[in-house]
Each structure stands twice: as structure tokens, then as C-alpha cells.
Amino acid sequence: MEEVKNNGEAAEKQLNFIEEIIENDLASGRCTSVLTRFPPEPNGYLHIGHAKSICLNFGLAKKYGGKTNIRFDDTNPTKEDVEYVDSIKEDVKWLGFEWANEFYASDYFEQLYEWACVLIRKGLAYVDDQTQEEIRAGRGTVSTPGVNSPYRDRSVEENLTLFRQMREGRFKEGEKVLRAKIDMAHPNMLLRDPLMYRINYSHHHRTGNKWCIYPMYDFAHGQCDSIEHITHSICTLEFDVHRPLYDWFIEKLEIYPSHQYEFARLNLTYTVMSKRKLLELVKNGYVMGWDDPRMPTICGIRRRGYTPESIRLFAEKVGVAKRDNTIDLSLLEWCVREDLNRRSNRYMAVLNPVKLVITNWEKGRVEEFEAPLNPAEPDGAKRKIPFAGELYIERDDFMEEPPKKYFRLKPGGEVRLKYTYIVKCEEVIKDSDGNITEIRCTYDPASKPGAGEWRSVKGTIHWVSVADAEKLEVRLIDKLFTEPYMDSIEEGRDYKDYLNPDSMKVVSAYAEPALLKDESGIAVQFERVGYFVKDRDSVPGNPVFNKTAALKDTFKK
């Protein structure tokens, strides 16, 4: 892949370590094509970390002319639901990817059961009657070996019979499990006779009550990869200790040798990625739901106005690393700003209004000014903005006692009202509490753009005509947490102690009428304020907009 330098010369882009592996595998003939997979468990909504994995798996397959399967790891019916399956598929499609095949681990339950029987016949698996606590205690510690189960030396015939009876529902949950027979003294704790099957009588969202035994992740995952002939099984770094077990099952079953590779998971400042924690935030009402625009879920960032292009750009910028690190949230904001700056339509909206009255404006007179929807396309579509003698401006755009180099409106000072005339502040009206209620100005008719003599002033501010203003509900979205490194909070502290009480502020705002006719489908820019997107809570008479990102770039390149 090539990238273009600033001087126009082409330079070869450095391969990441997974790309190097793939190119070596193709060159050596280990594989002739690339087949990856995205294997989510349907027990919650996907988040920005999953988006990185999606972009990686689909992106690698696309680069090397291969394909990607989506496979739902539906081996735990207690926590899984079709709602999550549907949301996951929607998220993958929204990111711009199409899978070659849609599979489920439950598609392979019969084959997995038969393979478990193969391992029993080989003397490599046994039924254990110990309780979960006894099994855990018997595993030992990192520094001390485990002890063999008293049921470890059951005969092949007895194990086959008991395992069949487990399938037939003859035992209670927790009464028996199937374990692999490896080595109770192995330095990798995961290879100390790991569980392969447990009994679970929960209703499964696809197979109903057909099965009451379910394979554990470590037994199902590698075998599912093998069935599909996945060439490169890409996981996050915490699964590197699982790889020897992944390889052990494939080797002992003598099946297609899929290979697992690990990359660093995505950690983001001011964010938690734990599904358990995100579920707690939803269930206990700390947020409005899985798609709350403050949430790191894909449906949440979509509702906030992030674009699929910006998420793919973010995944590219983060890259593929071998060591865990934490990415600054400002990089994600930079990516969406980079995308929206080129594509979003512009409108004027006032979020903290104060009235400005032009005293020398003819009563009842209305003008229309034309402005481009996107300055990047000056010859493109235009919008018409009504202008009259009473306007709203931002309260922050006026100061009675301004500091030096303050170029907005002040007593006796002049500014240009964007796209229109220059006005001069003549008088300030206050209420009995000393709050400013009205700013009275005069305008210079000769300062109209494209007419008379052009003169320049240092300040330009935005505005909305009072008579034509559309009232909005605006949600000012900020970081969900106050602590940047949520994975390293003090021991004994609850992560919820760091919830930001100001993560969402709701204000009433006013906008030019053309805003509500926008059908672009992406977030718009409120000029001089930031990027905002219309929310699904909008109803006739009460449009709601969520803040996507500020205009200011805080990312340190």
C-alpha cells in the first residue's frame, strides 16, 4: 500500500505485524487466500473497541482479496439475546462492511459434541463430578501445581456414557462437567484440565431447549475457526495465553489448522469498555440506554453524530500494536472533525441568546442573505437566511468590560454580523438584577457585502433573526467520566464515583430556519460553535440536537 508524502513522492507504507504474517503465509503457501472472521458474543451492544476489531478483520481481508465471516459465539444462553444479534449486524453494516457468511457457534453444536466424544475416546477428556469450588481449588496457583481430580481416571466407556447422559438432561446444573485431560502441573493455568462443557438448562435464542450442555469458549472457538477454514484468527491480546489451548484442541482432533494471532485491544481515555460496566450504567439509569450519545457503544457514537468514515479513520490512526496502550479521546474527536469539516452543511444557531435590536432598521423590513451550505463548495448549494431588526446573538459575544484584544461586540465597538452588515453597540439594557436583556445597535447600510464601500472590522459574530428563529433543544455532550485512565482508578473506589455530572447539559437554542430542512443525513456545523446532529427524540415543534464535537482541535499530533 502506498501513501503520498507532502513533496508528492510515493513512499511504501510500513506493514503492521499481522500484514507481515499474512504476506509471509501467502508467499510460503501456508494459505492461498485470506479468510478472517468477526466473532462477537451476542450478550450486549458493540463498542468502539469492537469497531477497531471489525475494521481490522474486514480491512485485512479486503486488502488481500479475501473474505470475512461474521460468527456469533452463542454458547452462553443465559446472557444472549436476538436483540444483540440484530444490533451487532446493524453496527457492522453501518461501519461499511459486508460479511461473506453469517454463522453461529450453535450451527456447529452437533459437530462439537462429536469432537468432544473423539477426545474422550482418545483418553483426552473426562467427566468430572466435582463442584465448581472444588475444581477451582484443585487447579493450584501460579507457583504451586494443581491436583488431579478423583474422577480423572474414569474409563472411556464410563465417560462416554456420562457425557451422553449429560446431553440427555439426566443431571442437574453444576452436577457434572466435561474437562480436557492435559496436565494439572502445567505452568499455563489454562491447560490444567480446562472445562469443555457445562450443563445449562436456559432457553437458547436459536436452538430453543434442544441442548442442555454448552461448549466453553476455549473449546468452541478454535474448532469453529477450523470448520470454516479461517486462515487468520485475530484476537485481542488477553487471548494470547489461550492460544496454546486453541492449538492443543486442533492438534489432538487433527482438524484444519487455523492460527490465532493477538493484537492490543483498544483502551480510550475517559471511557470504560467493560460490557458488565456498560450494562450496569444502562440498567441502573445512569444513561438513557445503550445508544445514549455519551456511551462508547457503536450505536451511541452513531447517535452522537459520528460517521462510519470517521471511525474507520480512527481505526487506521490507532494502528495495530502488540502492546496495550491507552488512546487519547481527542484523537477520536479529531477524526470525526476531520471528516465533518469537509462534508457537513453549515448553519447559524445561538445557544445562549441575548437580544440585539438594530434601532435604525426600518420596522417590518426583512432582507434575505444567501450563504453557501458548505464553504468547501462555494459554487455548490446555497441557503437563504432572513435578516431583520431584532436578532439573537450569543451572550458570550458581548462584554461590557472586555480585555485587550477582544474583537467581539462591546460598548461603542463594531462587529460584522456574519454574511451581513456591520453594527455598532450604542446602548445596553438591563433588568432590575443587573442582567443584560437587550443590546441596542445601529447598522451601517454601506457595509452590506457586495454593495457600497467595503470596510473591514476585526470581529465577526453569528446571529439568528428573532422572528424567523426555530427553537431547538440542544444536548451539550461531554466526557462520561472525569478520570482519563479509568482502568487504573484507586483500589477500593467504584468506577461510578467518576461519572461526570456535567456529561450532558440541555439548553434551549435558536437556529436559522434552513436547518430544519437539512436532509444530508450527517451532522451539521453550527457556525463558530461546533458539530451537531438531529436526535431521534425530535418531534414536530421540538427538534433535538446532540453535540457531536467542538470546533477546537485539542489533539496533539
# chains A, B, ... in the order shown; residues from 1 in each chain; ligands from 1
>>> select_by_dssp(residues="segment 123-302 of chain A", states="helix (DSSP H, G or I)", output="ChimeraX atom specification")
/A:132-138,156-167,189-191,217-228,237-253,275-283,298-302
>>> residues_around(residues="Lys458 of chain A", least_positions_apart="5", cutoff="10 Å", atoms="only C-alpha atoms", output="MDAnalysis selection string")
chainID A and resid 405:408 414:416
>>> closest_residue(among="A:Glu173, A:Glu316, A:Glu338, A:Asp328", to="Tyr485 of chain A", atoms="only C-alpha atoms")
A:Asp328
>>> closest_residue(among="A:Tyr392, A:Phe369, A:Leu351, A:Lys404", to="Lys448 of chain A", atoms="only C-alpha atoms")
A:Phe369
>>> atom_distance(atom1="atom CA of Gln525 of chain A", atom2="atom CA of Val357 of chain A")
25.8 Å
>>> atom_distance(atom1="atom CA of Glu168 of chain A", atom2="atom CA of Cys212 of chain A")
7.7 Å
>>> atom_distance(atom1="atom CA of Asn345 of chain A", atom2="atom CA of Ile385 of chain A")
14.0 Å
>>> closest_residue(among="A:Tyr84, A:Trp94, A:Phe103, A:Tyr246", to="Thr307 of chain A", atoms="only C-alpha atoms")
A:Trp94
>>> select_by_dssp(residues="segment 376-465 of chain A", states="strand (DSSP E or B)", output="ChimeraX atom specification")
/A:382-387,390-394,398,409,414-417,422-430,436-444,460-461,464-465
>>> write_last_selection(atoms="N, CA and C atoms", output="JSON list (two decimals), in the first residue's frame")
[["chain", "number", "residue", "atom", "x", "y", "z"],
["A", 382, "LYS", "N", -26.83, 26.60, -1.92],
["A", 382, "LYS", "CA", -26.90, 27.78, -1.05],
["A", 382, "LYS", "C", -28.11, 27.66, -0.13],
["A", 383, "ARG", "N", -28.08, 28.45, 0.93],
["A", 383, "ARG", "CA", -29.25, 28.58, 1.78],
["A", 383, "ARG", "C", -29.56, 30.06, 1.93],
["A", 384, "LYS", "N", -30.84, 30.38, 2.16],
["A", 384, "LYS", "CA", -31.23, 31.78, 2.34],
["A", 384, "LYS", "C", -31.53, 32.02, 3.82],
["A", 385, "ILE", "N", -30.98, 33.14, 4.33],
["A", 385, "ILE", "CA", -31.09, 33.45, 5.75],
["A", 385, "ILE", "C", -31.85, 34.77, 5.91],
["A", 386, "PRO", "N", -33.01, 34.75, 6.56],
["A", 386, "PRO", "CA", -33.75, 36.01, 6.77],
["A", 386, "PRO", "C", -33.07, 36.89, 7.82],
["A", 387, "PHE", "N", -33.11, 38.20, 7.57],
["A", 387, "PHE", "CA", -32.45, 39.17, 8.45],
["A", 387, "PHE", "C", -33.42, 40.32, 8.71],
["A", 390, "GLU", "N", -34.50, 42.67, 14.74],
["A", 390, "GLU", "CA", -34.31, 42.04, 16.05],
["A", 390, "GLU", "C", -33.66, 40.68, 15.85],
["A", 391, "LEU", "N", -32.54, 40.49, 16.53],
["A", 391, "LEU", "CA", -31.74, 39.29, 16.35],
["A", 391, "LEU", "C", -31.38, 38.68, 17.70],
["A", 392, "TYR", "N", -31.01, 37.40, 17.67],
["A", 392, "TYR", "CA", -30.35, 36.77, 18.81],
["A", 392, "TYR", "C", -28.87, 36.63, 18.49],
["A", 393, "ILE", "N", -28.03, 36.97, 19.48],
["A", 393, "ILE", "CA", -26.60, 36.68, 19.37],
["A", 393, "ILE", "C", -26.19, 35.91, 20.62],
["A", 394, "GLU", "N", -25.01, 35.33, 20.59],
["A", 394, "GLU", "CA", -24.51, 34.63, 21.77],
["A", 394, "GLU", "C", -24.17, 35.64, 22.87],
["A", 398, "PHE", "N", -20.66, 39.35, 23.68],
["A", 398, "PHE", "CA", -20.72, 40.74, 24.14],
["A", 398, "PHE", "C", -20.11, 40.83, 25.53],
["A", 409, "LEU", "N", -18.35, 42.06, 20.25],
["A", 409, "LEU", "CA", -19.11, 43.28, 20.49],
["A", 409, "LEU", "C", -18.88, 43.83, 21.90],
["A", 414, "GLU", "N", -17.62, 47.90, 17.17],
["A", 414, "GLU", "CA", -18.27, 47.41, 15.96],
["A", 414, "GLU", "C", -17.88, 45.96, 15.68],
["A", 415, "VAL", "N", -18.83, 45.23, 15.14],
["A", 415, "VAL", "CA", -18.56, 43.89, 14.62],
["A", 415, "VAL", "C", -19.38, 43.71, 13.35],
["A", 416, "ARG", "N", -18.99, 42.73, 12.57],
["A", 416, "ARG", "CA", -19.82, 42.37, 11.43],
["A", 416, "ARG", "C", -20.70, 41.21, 11.83],
["A", 417, "LEU", "N", -21.99, 41.31, 11.52],
["A", 417, "LEU", "CA", -22.89, 40.19, 11.66],
["A", 417, "LEU", "C", -22.69, 39.30, 10.44],
["A", 422, "ILE", "N", -22.27, 45.61, 9.22],
["A", 422, "ILE", "CA", -21.53, 45.98, 10.43],
["A", 422, "ILE", "C", -22.48, 46.73, 11.36],
["A", 423, "VAL", "N", -22.45, 46.35, 12.63],
["A", 423, "VAL", "CA", -23.27, 47.04, 13.63],
["A", 423, "VAL", "C", -22.37, 47.62, 14.71],
["A", 424, "LYS", "N", -22.88, 48.69, 15.35],
["A", 424, "LYS", "CA", -22.15, 49.35, 16.44],
["A", 424, "LYS", "C", -23.03, 49.39, 17.69],
["A", 425, "CYS", "N", -22.47, 49.01, 18.82],
["A", 425, "CYS", "CA", -23.22, 48.99, 20.07],
["A", 425, "CYS", "C", -23.38, 50.42, 20.60],
["A", 426, "GLU", "N", -24.64, 50.81, 20.80],
["A", 426, "GLU", "CA", -24.94, 52.16, 21.28],
["A", 426, "GLU", "C", -25.45, 52.18, 22.72],
["A", 427, "GLU", "N", -26.11, 51.09, 23.15],
["A", 427, "GLU", "CA", -26.75, 51.11, 24.47],
["A", 427, "GLU", "C", -26.97, 49.68, 24.96],
["A", 428, "VAL", "N", -26.91, 49.52, 26.27],
["A", 428, "VAL", "CA", -27.14, 48.21, 26.90],
["A", 428, "VAL", "C", -28.31, 48.34, 27.87],
["A", 429, "ILE", "N", -29.30, 47.46, 27.75],
["A", 429, "ILE", "CA", -30.48, 47.47, 28.62],
["A", 429, "ILE", "C", -30.36, 46.30, 29.61],
["A", 430, "LYS", "N", -30.62, 46.60, 30.89],
["A", 430, "LYS", "CA", -30.53, 45.57, 31.93],
["A", 430, "LYS", "C", -31.82, 45.51, 32.73],
["A", 436, "ILE", "N", -28.14, 41.67, 31.57],
["A", 436, "ILE", "CA", -28.35, 42.27, 30.26],
["A", 436, "ILE", "C", -29.51, 41.60, 29.56],
["A", 437, "THR", "N", -30.50, 42.37, 29.15],
["A", 437, "THR", "CA", -31.67, 41.83, 28.45],
["A", 437, "THR", "C", -31.70, 42.24, 26.99],
["A", 438, "GLU", "N", -30.98, 43.30, 26.63],
["A", 438, "GLU", "CA", -31.05, 43.78, 25.24],
["A", 438, "GLU", "C", -29.82, 44.62, 24.94],
["A", 439, "ILE", "N", -29.31, 44.44, 23.75],
["A", 439, "ILE", "CA", -28.19, 45.26, 23.27],
["A", 439, "ILE", "C", -28.70, 46.05, 22.08],
["A", 440, "ARG", "N", -28.62, 47.36, 22.16],
["A", 440, "ARG", "CA", -29.12, 48.19, 21.08],
["A", 440, "ARG", "C", -27.96, 48.70, 20.23],
["A", 441, "CYS", "N", -28.14, 48.54, 18.93],
["A", 441, "CYS", "CA", -27.07, 48.88, 17.98],
["A", 441, "CYS", "C", -27.65, 49.68, 16.82],
["A", 442, "THR", "N", -26.73, 50.29, 16.09],
["A", 442, "THR", "CA", -27.07, 50.85, 14.78],
["A", 442, "THR", "C", -26.28, 50.08, 13.73],
["A", 443, "TYR", "N", -26.83, 50.04, 12.51],
["A", 443, "TYR", "CA", -26.11, 49.34, 11.46],
["A", 443, "TYR", "C", -25.67, 50.33, 10.40],
["A", 444, "ASP", "N", -24.63, 49.95, 9.68],
["A", 444, "ASP", "CA", -24.08, 50.79, 8.60],
["A", 444, "ASP", "C", -24.58, 50.24, 7.27],
["A", 460, "THR", "N", -16.27, 39.20, 13.76],
["A", 460, "THR", "CA", -17.47, 38.73, 13.06],
["A", 460, "THR", "C", -18.18, 37.74, 13.99],
["A", 461, "ILE", "N", -19.47, 37.96, 14.19],
["A", 461, "ILE", "CA", -20.23, 37.07, 15.06],
["A", 461, "ILE", "C", -21.45, 36.54, 14.32],
["A", 464, "VAL", "N", -29.16, 35.04, 14.71],
["A", 464, "VAL", "CA", -30.39, 34.45, 14.18],
["A", 464, "VAL", "C", -31.49, 35.50, 14.29],
["A", 465, "SER", "N", -32.29, 35.63, 13.25],
["A", 465, "SER", "CA", -33.40, 36.59, 13.27],
["A", 465, "SER", "C", -34.47, 36.10, 14.24]]
>>> residues_around(residues="segment 372-380 of chain A", least_positions_apart="4", cutoff="7 Å", atoms="only C-alpha atoms", output="list in words")
Arg342, Ser344, Asn345 and Arg346 of chain A
>>> write_last_selection(atoms="C-alpha atoms", output="PDB file, in the first residue's frame")
ATOM      1  CA  ARG A 342     -15.179  18.540   4.601  1.00  0.00           C
ATOM      2  CA  SER A 344     -21.110  18.910   6.784  1.00  0.00           C
ATOM      3  CA  ASN A 345     -23.530  21.711   5.942  1.00  0.00           C
ATOM      4  CA  ARG A 346     -23.256  24.997   7.854  1.00  0.00           C
TER       5      ARG A 346
END
>>> closest_residue(among="A:Ile298, A:Cys235, A:Val147, A:Leu195", to="Ile18 of chain A", atoms="only C-alpha atoms")
A:Cys235
>>> residues_around(residues="Leu281 of chain A", least_positions_apart="2", cutoff="12 Å", atoms="only C-alpha atoms", output="PDB file with C-alpha atoms, in the first residue's frame")
ATOM      1  CA  VAL A 272     -14.954   2.151  30.195  1.00  0.00           C
ATOM      2  CA  MET A 273     -15.088  -0.739  27.738  1.00  0.00           C
ATOM      3  CA  SER A 274     -16.320  -3.477  30.055  1.00  0.00           C
ATOM      4  CA  LYS A 275     -19.666  -4.884  28.872  1.00  0.00           C
ATOM      5  CA  ARG A 276     -20.543  -5.576  32.510  1.00  0.00           C
ATOM      6  CA  LYS A 277     -19.996  -1.944  33.470  1.00  0.00           C
ATOM      7  CA  LEU A 278     -21.794  -0.601  30.420  1.00  0.00           C
ATOM      8  CA  LEU A 279     -24.736  -2.887  31.170  1.00  0.00           C
ATOM      9  CA  LYS A 283     -29.818  -0.969  33.804  1.00  0.00           C
ATOM     10  CA  ASN A 284     -29.417   1.466  36.699  1.00  0.00           C
ATOM     11  CA  GLY A 285     -30.381   4.534  34.678  1.00  0.00           C
ATOM     12  CA  TYR A 286     -27.060   6.357  34.694  1.00  0.00           C
ATOM     13  CA  VAL A 287     -27.517   6.796  30.935  1.00  0.00           C
ATOM     14  CA  MET A 288     -30.547   6.848  28.630  1.00  0.00           C
ATOM     15  CA  GLY A 289     -29.790   3.439  27.131  1.00  0.00           C
ATOM     16  CA  TRP A 290     -27.228   1.542  25.089  1.00  0.00           C
ATOM     17  CA  ASP A 291     -27.426   4.238  22.393  1.00  0.00           C
ATOM     18  CA  ASP A 292     -27.005   7.164  24.784  1.00  0.00           C
ATOM     19  CA  ARG A 294     -22.323   9.620  25.833  1.00  0.00           C
ATOM     20  CA  MET A 295     -21.776   5.859  25.593  1.00  0.00           C
ATOM     21  CA  PRO A 296     -18.785   4.324  23.758  1.00  0.00           C
ATOM     22  CA  LEU A 480     -18.874  10.447  30.524  1.00  0.00           C
ATOM     23  CA  PHE A 481     -16.167  10.195  33.199  1.00  0.00           C
ATOM     24  CA  TYR A 495     -15.868   3.406  38.779  1.00  0.00           C
ATOM     25  CA  LYS A 496     -19.248   5.139  39.069  1.00  0.00           C
ATOM     26  CA  LEU A 499     -19.185   9.733  36.440  1.00  0.00           C
TER      27      LEU A 499
END
>>> residues_around(residues="Asp86 of chain A", least_positions_apart="6", cutoff="12 Å", atoms="only C-alpha atoms", output="PyMOL selection string")
chain A and resi 40+42-46+72+80+92-93+299
>>> write_last_selection(atoms="all heavy atoms", output="PDB file, in the first residue's frame")
ATOM      1  N   PRO A  40     -18.373 -11.969  17.562  1.00  0.00           N
ATOM      2  CA  PRO A  40     -18.886 -11.376  18.800  1.00  0.00           C
ATOM      3  C   PRO A  40     -19.810 -12.321  19.558  1.00  0.00           C
ATOM      4  O   PRO A  40     -20.514 -13.140  18.961  1.00  0.00           O
ATOM      5  CB  PRO A  40     -19.677 -10.169  18.290  1.00  0.00           C
ATOM      6  CG  PRO A  40     -20.169 -10.604  16.942  1.00  0.00           C
ATOM      7  CD  PRO A  40     -19.046 -11.428  16.372  1.00  0.00           C
ATOM      8  N   PRO A  42     -23.224 -12.454  21.418  1.00  0.00           N
ATOM      9  CA  PRO A  42     -24.414 -11.586  21.409  1.00  0.00           C
ATOM     10  C   PRO A  42     -24.995 -11.388  22.812  1.00  0.00           C
ATOM     11  O   PRO A  42     -26.133 -11.759  23.088  1.00  0.00           O
ATOM     12  CB  PRO A  42     -25.373 -12.333  20.484  1.00  0.00           C
ATOM     13  CG  PRO A  42     -25.003 -13.769  20.657  1.00  0.00           C
ATOM     14  CD  PRO A  42     -23.516 -13.800  20.878  1.00  0.00           C
ATOM     15  N   ASN A  43     -24.185 -10.794  23.702  1.00  0.00           N
ATOM     16  CA  ASN A  43     -24.619 -10.568  25.085  1.00  0.00           C
ATOM     17  C   ASN A  43     -24.596  -9.085  25.453  1.00  0.00           C
ATOM     18  O   ASN A  43     -24.596  -8.729  26.629  1.00  0.00           O
ATOM     19  CB  ASN A  43     -23.746 -11.358  26.058  1.00  0.00           C
ATOM     20  CG  ASN A  43     -22.294 -10.899  26.055  1.00  0.00           C
ATOM     21  OD1 ASN A  43     -21.877 -10.138  25.177  1.00  0.00           O
ATOM     22  ND2 ASN A  43     -21.525 -11.359  27.025  1.00  0.00           N
ATOM     23  N   GLY A  44     -24.541  -8.231  24.440  1.00  0.00           N
ATOM     24  CA  GLY A  44     -24.516  -6.793  24.677  1.00  0.00           C
ATOM     25  C   GLY A  44     -24.291  -6.070  23.354  1.00  0.00           C
ATOM     26  O   GLY A  44     -24.176  -6.700  22.293  1.00  0.00           O
ATOM     27  N   TYR A  45     -24.235  -4.761  23.446  1.00  0.00           N
ATOM     28  CA  TYR A  45     -24.026  -3.940  22.254  1.00  0.00           C
ATOM     29  C   TYR A  45     -22.534  -3.719  22.026  1.00  0.00           C
ATOM     30  O   TYR A  45     -21.757  -3.624  22.975  1.00  0.00           O
ATOM     31  CB  TYR A  45     -24.752  -2.603  22.405  1.00  0.00           C
ATOM     32  CG  TYR A  45     -26.249  -2.700  22.241  1.00  0.00           C
ATOM     33  CD1 TYR A  45     -27.040  -3.267  23.234  1.00  0.00           C
ATOM     34  CD2 TYR A  45     -26.882  -2.262  21.076  1.00  0.00           C
ATOM     35  CE1 TYR A  45     -28.418  -3.381  23.089  1.00  0.00           C
ATOM     36  CE2 TYR A  45     -28.262  -2.372  20.922  1.00  0.00           C
ATOM     37  CZ  TYR A  45     -29.019  -2.933  21.934  1.00  0.00           C
ATOM     38  OH  TYR A  45     -30.370  -3.048  21.782  1.00  0.00           O
ATOM     39  N   LEU A  46     -22.149  -3.639  20.777  1.00  0.00           N
ATOM     40  CA  LEU A  46     -20.740  -3.425  20.438  1.00  0.00           C
ATOM     41  C   LEU A  46     -20.302  -2.013  20.807  1.00  0.00           C
ATOM     42  O   LEU A  46     -21.093  -1.074  20.770  1.00  0.00           O
ATOM     43  CB  LEU A  46     -20.512  -3.637  18.948  1.00  0.00           C
ATOM     44  CG  LEU A  46     -20.852  -5.018  18.378  1.00  0.00           C
ATOM     45  CD1 LEU A  46     -20.477  -5.078  16.902  1.00  0.00           C
ATOM     46  CD2 LEU A  46     -20.150  -6.123  19.148  1.00  0.00           C
ATOM     47  N   PHE A  72     -21.445 -15.576  15.366  1.00  0.00           N
ATOM     48  CA  PHE A  72     -21.894 -15.244  16.715  1.00  0.00           C
ATOM     49  C   PHE A  72     -21.530 -16.376  17.675  1.00  0.00           C
ATOM     50  O   PHE A  72     -21.916 -17.536  17.463  1.00  0.00           O
ATOM     51  CB  PHE A  72     -23.399 -14.985  16.719  1.00  0.00           C
ATOM     52  CG  PHE A  72     -23.773 -13.744  15.960  1.00  0.00           C
ATOM     53  CD1 PHE A  72     -24.157 -13.813  14.631  1.00  0.00           C
ATOM     54  CD2 PHE A  72     -23.698 -12.496  16.565  1.00  0.00           C
ATOM     55  CE1 PHE A  72     -24.472 -12.664  13.921  1.00  0.00           C
ATOM     56  CE2 PHE A  72     -24.013 -11.345  15.866  1.00  0.00           C
ATOM     57  CZ  PHE A  72     -24.398 -11.426  14.541  1.00  0.00           C
ATOM     58  N   GLU A  80     -27.455 -14.237  26.375  1.00  0.00           N
ATOM     59  CA  GLU A  80     -27.532 -13.870  24.964  1.00  0.00           C
ATOM     60  C   GLU A  80     -28.976 -13.657  24.510  1.00  0.00           C
ATOM     61  O   GLU A  80     -29.909 -14.228  25.066  1.00  0.00           O
ATOM     62  CB  GLU A  80     -26.850 -14.957  24.118  1.00  0.00           C
ATOM     63  CG  GLU A  80     -25.359 -15.064  24.434  1.00  0.00           C
ATOM     64  CD  GLU A  80     -24.745 -16.382  24.025  1.00  0.00           C
ATOM     65  OE1 GLU A  80     -25.476 -17.249  23.490  1.00  0.00           O
ATOM     66  OE2 GLU A  80     -23.536 -16.555  24.254  1.00  0.00           O
ATOM     67  N   VAL A  92     -22.167  -3.497  12.148  1.00  0.00           N
ATOM     68  CA  VAL A  92     -21.168  -3.880  11.142  1.00  0.00           C
ATOM     69  C   VAL A  92     -21.511  -3.267   9.789  1.00  0.00           C
ATOM     70  O   VAL A  92     -20.640  -2.731   9.086  1.00  0.00           O
ATOM     71  CB  VAL A  92     -21.060  -5.420  11.046  1.00  0.00           C
ATOM     72  CG1 VAL A  92     -20.133  -5.816   9.895  1.00  0.00           C
ATOM     73  CG2 VAL A  92     -20.545  -6.009  12.358  1.00  0.00           C
ATOM     74  N   LYS A  93     -22.785  -3.323   9.428  1.00  0.00           N
ATOM     75  CA  LYS A  93     -23.205  -2.736   8.148  1.00  0.00           C
ATOM     76  C   LYS A  93     -23.021  -1.226   8.158  1.00  0.00           C
ATOM     77  O   LYS A  93     -22.601  -0.633   7.155  1.00  0.00           O
ATOM     78  CB  LYS A  93     -24.670  -3.089   7.872  1.00  0.00           C
ATOM     79  CG  LYS A  93     -24.892  -4.542   7.498  1.00  0.00           C
ATOM     80  CD  LYS A  93     -26.366  -4.829   7.226  1.00  0.00           C
ATOM     81  CE  LYS A  93     -26.597  -6.270   6.827  1.00  0.00           C
ATOM     82  NZ  LYS A  93     -28.033  -6.564   6.595  1.00  0.00           N
ATOM     83  N   CYS A 299     -23.671   2.142  18.574  1.00  0.00           N
ATOM     84  CA  CYS A 299     -24.961   2.809  18.376  1.00  0.00           C
ATOM     85  C   CYS A 299     -24.997   4.151  19.114  1.00  0.00           C
ATOM     86  O   CYS A 299     -25.685   5.083  18.683  1.00  0.00           O
ATOM     87  CB  CYS A 299     -26.111   1.913  18.823  1.00  0.00           C
ATOM     88  SG  CYS A 299     -26.038   1.329  20.522  1.00  0.00           S
TER      89      CYS A 299
END
>>> residues_around(residues="Val127 of chain A", least_positions_apart="6", cutoff="12 Å", atoms="only C-alpha atoms", output="PDB file with C-alpha atoms, in the first residue's frame")
ATOM      1  CA  ALA A 116     -15.704 -33.966  22.377  1.00  0.00           C
ATOM      2  CA  CYS A 117     -16.521 -37.667  22.084  1.00  0.00           C
ATOM      3  CA  LEU A 119     -11.259 -36.658  22.703  1.00  0.00           C
ATOM      4  CA  ILE A 120     -12.954 -38.915  25.248  1.00  0.00           C
ATOM      5  CA  SER A 149      -9.460 -34.869  40.065  1.00  0.00           C
ATOM      6  CA  PRO A 150     -10.562 -38.126  41.740  1.00  0.00           C
ATOM      7  CA  TYR A 151     -12.626 -38.718  38.579  1.00  0.00           C
ATOM      8  CA  ARG A 152      -9.742 -38.162  36.163  1.00  0.00           C
ATOM      9  CA  ASP A 153      -9.110 -41.864  35.536  1.00  0.00           C
ATOM     10  CA  ARG A 154     -12.622 -42.898  34.648  1.00  0.00           C
ATOM     11  CA  SER A 155     -12.761 -45.353  31.768  1.00  0.00           C
ATOM     12  CA  VAL A 156     -13.503 -44.245  28.219  1.00  0.00           C
ATOM     13  CA  GLU A 157     -16.785 -46.181  28.303  1.00  0.00           C
ATOM     14  CA  GLU A 158     -17.928 -44.564  31.554  1.00  0.00           C
ATOM     15  CA  ASN A 159     -17.032 -41.078  30.298  1.00  0.00           C
ATOM     16  CA  LEU A 160     -18.910 -41.602  27.030  1.00  0.00           C
ATOM     17  CA  THR A 161     -21.964 -42.837  28.912  1.00  0.00           C
ATOM     18  CA  LEU A 162     -21.926 -39.971  31.411  1.00  0.00           C
ATOM     19  CA  PHE A 163     -21.377 -37.381  28.677  1.00  0.00           C
ATOM     20  CA  ARG A 164     -24.302 -38.786  26.680  1.00  0.00           C
ATOM     21  CA  GLN A 165     -26.432 -38.670  29.840  1.00  0.00           C
ATOM     22  CA  MET A 166     -25.378 -35.056  30.383  1.00  0.00           C
ATOM     23  CA  GLY A 174     -23.276 -27.955  38.191  1.00  0.00           C
ATOM     24  CA  GLU A 175     -23.523 -31.673  38.919  1.00  0.00           C
ATOM     25  CA  LYS A 176     -21.098 -32.688  36.193  1.00  0.00           C
ATOM     26  CA  VAL A 177     -18.762 -31.064  33.651  1.00  0.00           C
ATOM     27  CA  LEU A 178     -16.560 -32.357  30.844  1.00  0.00           C
ATOM     28  CA  ARG A 179     -12.864 -31.497  31.182  1.00  0.00           C
ATOM     29  CA  ALA A 180      -9.904 -31.920  28.862  1.00  0.00           C
ATOM     30  CA  LYS A 181      -7.141 -34.159  30.274  1.00  0.00           C
ATOM     31  CA  ASP A 193      -7.589 -29.759  32.643  1.00  0.00           C
ATOM     32  CA  PRO A 194      -9.813 -26.935  31.356  1.00  0.00           C
ATOM     33  CA  LEU A 195     -13.599 -27.220  31.200  1.00  0.00           C
ATOM     34  CA  MET A 196     -15.013 -28.162  27.806  1.00  0.00           C
ATOM     35  CA  TYR A 197     -18.767 -28.488  28.565  1.00  0.00           C
ATOM     36  CA  ARG A 198     -21.126 -27.475  31.360  1.00  0.00           C
ATOM     37  CA  ILE A 199     -24.819 -28.147  31.958  1.00  0.00           C
TER      38      ILE A 199
END
>>> closest_residue(among="A:Gln14, A:Asn148, A:Thr420, A:Ser488", to="Trp454 of chain A", atoms="only C-alpha atoms")
A:Thr420
>>> closest_residue(among="A:Gln111, A:Asn546, A:Ser503, A:Thr75", to="Tyr270 of chain A", atoms="only C-alpha atoms")
A:Ser503
